[in-house]
Amino acid sequence: MHAERPLHPRRFREALSELAASCTCLRGRLWVASALSERVAIGGAGPRIWMENTGSWSTEIAASELMLYGSEHEAGQIAKIFENCQVTEDELQDLLTTAPAPGNNPDLQGGE
């Protein structure tokens, strides 16, 4: 799966268990709206999932890529869930023009 808009942290956090429910392995990199300049690695095996800040995007084009192995989900179902995790066009424009100070927007806070 590929997303060219940042992921909304709350929507992604809520969908993550559904995305990973039947996977044997999950890997990728994420562009998250609560940390637009930072690349986040994601990985998982079985019931365990980890995420880690791996630094700035530097010369890479920011985008999210997620691979699910051994999934019982259909590709269209996964793509729709992932698409719903992306910020909307209005949310993206708001992020780019008003960029709230860290901690001031509870909808764009990171997860546990």
# chains A, B, ... in the order shown; residues from 1 in each chain; ligands from 1
>>> residues_around(residues="A:Glu52", least_positions_apart="6", cutoff="9 Å", atoms="only C-alpha atoms", output="PyMOL selection string")
chain A and resi 39-43
>>> write_last_selection(atoms="C-alpha atoms", output="PDB file, in the first residue's frame")
ATOM      1  CA  ARG A  39      10.124   9.324   8.771  1.00  0.00           C
ATOM      2  CA  VAL A  40       8.601   6.611  10.970  1.00  0.00           C
ATOM      3  CA  ALA A  41       9.499   2.947  10.487  1.00  0.00           C
ATOM      4  CA  ILE A  42       6.874   0.334  11.346  1.00  0.00           C
ATOM      5  CA  GLY A  43       7.358  -3.378  11.728  1.00  0.00           C
TER       6      GLY A  43
END
>>> select_by_dssp(residues="stretch 1-109 of chain A", states="strand (DSSP E or B)", output="ChimeraX atom specification")
/A:2-3,7,25-32,38-45,48-56,64-69,86
>>> write_last_selection(atoms="C-alpha atoms", output="PDB file, in the first residue's frame")
ATOM      1  CA  HIS A   2       1.156   3.510  -0.748  1.00  0.00           C
ATOM      2  CA  ALA A   3      -0.142   6.887   0.493  1.00  0.00           C
ATOM      3  CA  LEU A   7      -1.553   9.629   7.879  1.00  0.00           C
ATOM      4  CA  CYS A  25       4.489  -9.756   9.199  1.00  0.00           C
ATOM      5  CA  LEU A  26       3.998  -6.034   8.720  1.00  0.00           C
ATOM      6  CA  ARG A  27       6.686  -3.581   7.535  1.00  0.00           C
ATOM      7  CA  GLY A  28       6.984  -0.138   6.100  1.00  0.00           C
ATOM      8  CA  ARG A  29       7.586   3.535   6.573  1.00  0.00           C
ATOM      9  CA  LEU A  30       5.026   6.115   7.544  1.00  0.00           C
ATOM     10  CA  TRP A  31       4.488   9.821   7.008  1.00  0.00           C
ATOM     11  CA  VAL A  32       2.427  10.929   9.999  1.00  0.00           C
ATOM     12  CA  GLU A  38      10.063  12.789  10.381  1.00  0.00           C
ATOM     13  CA  ARG A  39      10.124   9.324   8.771  1.00  0.00           C
ATOM     14  CA  VAL A  40       8.601   6.611  10.970  1.00  0.00           C
ATOM     15  CA  ALA A  41       9.499   2.947  10.487  1.00  0.00           C
ATOM     16  CA  ILE A  42       6.874   0.334  11.346  1.00  0.00           C
ATOM     17  CA  GLY A  43       7.358  -3.378  11.728  1.00  0.00           C
ATOM     18  CA  GLY A  44       5.592  -6.285  13.279  1.00  0.00           C
ATOM     19  CA  ALA A  45       5.492 -10.012  13.628  1.00  0.00           C
ATOM     20  CA  ARG A  48       3.658  -7.347  18.257  1.00  0.00           C
ATOM     21  CA  ILE A  49       3.992  -4.068  16.350  1.00  0.00           C
ATOM     22  CA  TRP A  50       6.679  -1.415  16.805  1.00  0.00           C
ATOM     23  CA  MET A  51       7.184   2.076  15.406  1.00  0.00           C
ATOM     24  CA  GLU A  52      10.366   4.102  15.478  1.00  0.00           C
ATOM     25  CA  ASN A  53      11.382   7.589  14.355  1.00  0.00           C
ATOM     26  CA  THR A  54      14.177   7.102  11.817  1.00  0.00           C
ATOM     27  CA  GLY A  55      15.016  10.755  11.199  1.00  0.00           C
ATOM     28  CA  SER A  56      14.057  13.365   8.660  1.00  0.00           C
ATOM     29  CA  SER A  64       3.734   6.114   3.491  1.00  0.00           C
ATOM     30  CA  GLU A  65       4.385   2.560   2.336  1.00  0.00           C
ATOM     31  CA  LEU A  66       3.023  -0.424   4.198  1.00  0.00           C
ATOM     32  CA  MET A  67       3.431  -4.098   3.332  1.00  0.00           C
ATOM     33  CA  LEU A  68       1.312  -6.780   4.970  1.00  0.00           C
ATOM     34  CA  TYR A  69       2.427 -10.396   4.612  1.00  0.00           C
ATOM     35  CA  GLN A  86      -4.839   9.607   5.321  1.00  0.00           C
TER      36      GLN A  86
END
>>> atom_distance(atom1="atom CA of A:Ser17", atom2="atom CA of A:Ser34")
19.6 Å
>>> closest_residue(among="A:Asp90, A:Glu18, A:Glu4, A:Arg13", to="A:Gln77", atoms="only C-alpha atoms")
A:Glu18
>>> residues_around(residues="A:His8", least_positions_apart="2", cutoff="12 Å", atoms="only C-alpha atoms", output="VMD selection string")
chain A and resid 3 5 to 6 10 to 16 30 to 36 64 82 to 89 91 to 92 95 105 to 111
>>> decode(residues="stretch 48-97 of chain A", atoms="N, CA and C atoms", output="mmCIF file, in the first residue's frame")
data_model
loop_
_atom_site.group_PDB
_atom_site.id
_atom_site.type_symbol
_atom_site.label_atom_id
_atom_site.label_comp_id
_atom_site.auth_asym_id
_atom_site.auth_seq_id
_atom_site.Cartn_x
_atom_site.Cartn_y
_atom_site.Cartn_z
ATOM 1 N N ARG A 48 2.833 -8.483 17.829
ATOM 2 C CA ARG A 48 3.658 -7.347 18.257
ATOM 3 C C ARG A 48 3.939 -6.399 17.087
ATOM 4 N N ILE A 49 3.734 -5.098 17.351
ATOM 5 C CA ILE A 49 3.992 -4.068 16.350
ATOM 6 C C ILE A 49 4.853 -3.003 17.004
ATOM 7 N N TRP A 50 5.851 -2.497 16.293
ATOM 8 C CA TRP A 50 6.679 -1.415 16.805
ATOM 9 C C TRP A 50 6.759 -0.304 15.776
ATOM 10 N N MET A 51 6.958 0.912 16.255
ATOM 11 C CA MET A 51 7.184 2.076 15.406
ATOM 12 C C MET A 51 8.369 2.840 15.961
ATOM 13 N N GLU A 52 9.142 3.422 15.066
ATOM 14 C CA GLU A 52 10.366 4.102 15.478
ATOM 15 C C GLU A 52 10.637 5.284 14.555
ATOM 16 N N ASN A 53 10.978 6.428 15.126
ATOM 17 C CA ASN A 53 11.382 7.589 14.355
ATOM 18 C C ASN A 53 12.764 7.293 13.781
ATOM 19 N N THR A 54 12.893 7.394 12.456
ATOM 20 C CA THR A 54 14.177 7.102 11.817
ATOM 21 C C THR A 54 14.809 8.346 11.198
ATOM 22 N N GLY A 55 14.392 9.513 11.658
ATOM 23 C CA GLY A 55 15.016 10.755 11.199
ATOM 24 C C GLY A 55 14.203 11.476 10.138
ATOM 25 N N SER A 56 14.776 12.539 9.638
ATOM 26 C CA SER A 56 14.057 13.365 8.660
ATOM 27 C C SER A 56 14.010 12.691 7.290
ATOM 28 N N TRP A 57 13.113 13.184 6.469
ATOM 29 C CA TRP A 57 12.959 12.634 5.121
ATOM 30 C C TRP A 57 14.131 13.006 4.229
ATOM 31 N N SER A 58 14.880 14.008 4.559
ATOM 32 C CA SER A 58 16.031 14.504 3.800
ATOM 33 C C SER A 58 15.735 14.535 2.303
ATOM 34 N N THR A 59 16.362 13.705 1.495
ATOM 35 C CA THR A 59 16.181 13.764 0.038
ATOM 36 C C THR A 59 15.037 12.889 -0.461
ATOM 37 N N GLU A 60 14.480 12.070 0.411
ATOM 38 C CA GLU A 60 13.364 11.211 0.006
ATOM 39 C C GLU A 60 12.073 12.012 -0.085
ATOM 40 N N ILE A 61 11.193 11.602 -0.950
ATOM 41 C CA ILE A 61 9.861 12.195 -1.013
ATOM 42 C C ILE A 61 9.030 11.545 0.077
ATOM 43 N N ALA A 62 8.447 12.368 0.934
ATOM 44 C CA ALA A 62 7.652 11.848 2.040
ATOM 45 C C ALA A 62 6.411 11.138 1.501
ATOM 46 N N ALA A 63 6.195 9.929 1.948
ATOM 47 C CA ALA A 63 5.031 9.122 1.586
ATOM 48 C C ALA A 63 5.010 7.924 2.524
ATOM 49 N N SER A 64 3.850 7.314 2.653
ATOM 50 C CA SER A 64 3.734 6.114 3.491
ATOM 51 C C SER A 64 3.693 4.887 2.602
ATOM 52 N N GLU A 65 4.404 3.851 3.014
ATOM 53 C CA GLU A 65 4.385 2.560 2.336
ATOM 54 C C GLU A 65 4.244 1.492 3.403
ATOM 55 N N LEU A 66 3.285 0.618 3.216
ATOM 56 C CA LEU A 66 3.023 -0.424 4.198
ATOM 57 C C LEU A 66 2.828 -1.738 3.466
ATOM 58 N N MET A 67 3.556 -2.761 3.911
ATOM 59 C CA MET A 67 3.431 -4.098 3.332
ATOM 60 C C MET A 67 2.917 -5.046 4.405
ATOM 61 N N LEU A 68 1.896 -5.805 4.057
ATOM 62 C CA LEU A 68 1.312 -6.780 4.970
ATOM 63 C C LEU A 68 1.512 -8.158 4.365
ATOM 64 N N TYR A 69 2.164 -9.041 5.094
ATOM 65 C CA TYR A 69 2.427 -10.396 4.612
ATOM 66 C C TYR A 69 1.516 -11.381 5.334
ATOM 67 N N GLY A 70 1.028 -12.370 4.617
ATOM 68 C CA GLY A 70 0.203 -13.396 5.230
ATOM 69 C C GLY A 70 -1.155 -12.890 5.642
ATOM 70 N N SER A 71 -1.618 -11.823 5.034
ATOM 71 C CA SER A 71 -2.901 -11.239 5.416
ATOM 72 C C SER A 71 -4.050 -12.015 4.798
ATOM 73 N N GLU A 72 -5.097 -12.188 5.580
ATOM 74 C CA GLU A 72 -6.308 -12.813 5.069
ATOM 75 C C GLU A 72 -7.257 -11.776 4.478
ATOM 76 N N HIS A 73 -6.915 -10.496 4.645
ATOM 77 C CA HIS A 73 -7.738 -9.425 4.078
ATOM 78 C C HIS A 73 -7.591 -9.416 2.558
ATOM 79 N N GLU A 74 -8.609 -8.928 1.889
ATOM 80 C CA GLU A 74 -8.507 -8.731 0.456
ATOM 81 C C GLU A 74 -7.815 -7.403 0.201
ATOM 82 N N ALA A 75 -7.081 -7.308 -0.886
ATOM 83 C CA ALA A 75 -6.302 -6.109 -1.198
ATOM 84 C C ALA A 75 -7.167 -4.847 -1.207
ATOM 85 N N GLY A 76 -8.350 -4.920 -1.782
ATOM 86 C CA GLY A 76 -9.246 -3.762 -1.831
ATOM 87 C C GLY A 76 -9.678 -3.304 -0.452
ATOM 88 N N GLN A 77 -9.910 -4.264 0.440
ATOM 89 C CA GLN A 77 -10.313 -3.949 1.815
ATOM 90 C C GLN A 77 -9.177 -3.225 2.540
ATOM 91 N N ILE A 78 -7.960 -3.716 2.399
ATOM 92 C CA ILE A 78 -6.799 -3.098 3.033
ATOM 93 C C ILE A 78 -6.571 -1.702 2.465
ATOM 94 N N ALA A 79 -6.654 -1.559 1.154
ATOM 95 C CA ALA A 79 -6.439 -0.260 0.512
ATOM 96 C C ALA A 79 -7.452 0.763 1.019
ATOM 97 N N LYS A 80 -8.698 0.370 1.192
ATOM 98 C CA LYS A 80 -9.739 1.292 1.675
ATOM 99 C C LYS A 80 -9.458 1.719 3.111
ATOM 100 N N ILE A 81 -9.070 0.777 3.968
ATOM 101 C CA ILE A 81 -8.745 1.112 5.368
ATOM 102 C C ILE A 81 -7.581 2.099 5.390
ATOM 103 N N PHE A 82 -6.527 1.821 4.609
ATOM 104 C CA PHE A 82 -5.342 2.676 4.571
ATOM 105 C C PHE A 82 -5.686 4.059 4.018
ATOM 106 N N GLU A 83 -6.518 4.098 2.991
ATOM 107 C CA GLU A 83 -6.938 5.370 2.406
ATOM 108 C C GLU A 83 -7.681 6.217 3.435
ATOM 109 N N ASN A 84 -8.523 5.594 4.240
ATOM 110 C CA ASN A 84 -9.279 6.322 5.261
ATOM 111 C C ASN A 84 -8.389 6.862 6.376
ATOM 112 N N CYS A 85 -7.177 6.353 6.499
ATOM 113 C CA CYS A 85 -6.234 6.823 7.517
ATOM 114 C C CYS A 85 -5.525 8.105 7.094
ATOM 115 N N GLN A 86 -5.529 8.413 5.805
ATOM 116 C CA GLN A 86 -4.839 9.607 5.321
ATOM 117 C C GLN A 86 -5.605 10.866 5.714
ATOM 118 N N VAL A 87 -4.860 11.961 5.881
ATOM 119 C CA VAL A 87 -5.537 13.223 6.146
ATOM 120 C C VAL A 87 -6.331 13.601 4.901
ATOM 121 N N THR A 88 -7.426 14.284 5.115
ATOM 122 C CA THR A 88 -8.228 14.754 3.989
ATOM 123 C C THR A 88 -7.520 15.942 3.340
ATOM 124 N N GLU A 89 -7.985 16.344 2.190
ATOM 125 C CA GLU A 89 -7.396 17.503 1.511
ATOM 126 C C GLU A 89 -7.511 18.746 2.389
ATOM 127 N N ASP A 90 -8.666 18.931 3.045
ATOM 128 C CA ASP A 90 -8.845 20.082 3.938
ATOM 129 C C ASP A 90 -7.891 20.012 5.130
ATOM 130 N N GLU A 91 -7.738 18.825 5.729
ATOM 131 C CA GLU A 91 -6.808 18.666 6.849
ATOM 132 C C GLU A 91 -5.378 18.947 6.405
ATOM 133 N N LEU A 92 -5.021 18.493 5.212
ATOM 134 C CA LEU A 92 -3.677 18.720 4.690
ATOM 135 C C LEU A 92 -3.419 20.208 4.485
ATOM 136 N N GLN A 93 -4.366 20.904 3.880
ATOM 137 C CA GLN A 93 -4.208 22.344 3.673
ATOM 138 C C GLN A 93 -4.079 23.074 5.007
ATOM 139 N N ASP A 94 -4.862 22.648 5.990
ATOM 140 C CA ASP A 94 -4.788 23.246 7.330
ATOM 141 C C ASP A 94 -3.410 23.003 7.942
ATOM 142 N N LEU A 95 -2.886 21.791 7.792
ATOM 143 C CA LEU A 95 -1.555 21.468 8.313
ATOM 144 C C LEU A 95 -0.481 22.343 7.675
ATOM 145 N N LEU A 96 -0.585 22.534 6.372
ATOM 146 C CA LEU A 96 0.439 23.261 5.638
ATOM 147 C C LEU A 96 0.360 24.769 5.847
ATOM 148 N N THR A 97 -0.819 25.288 6.185
ATOM 149 C CA THR A 97 -0.953 26.739 6.319
ATOM 150 C C THR A 97 -0.955 27.227 7.763
#
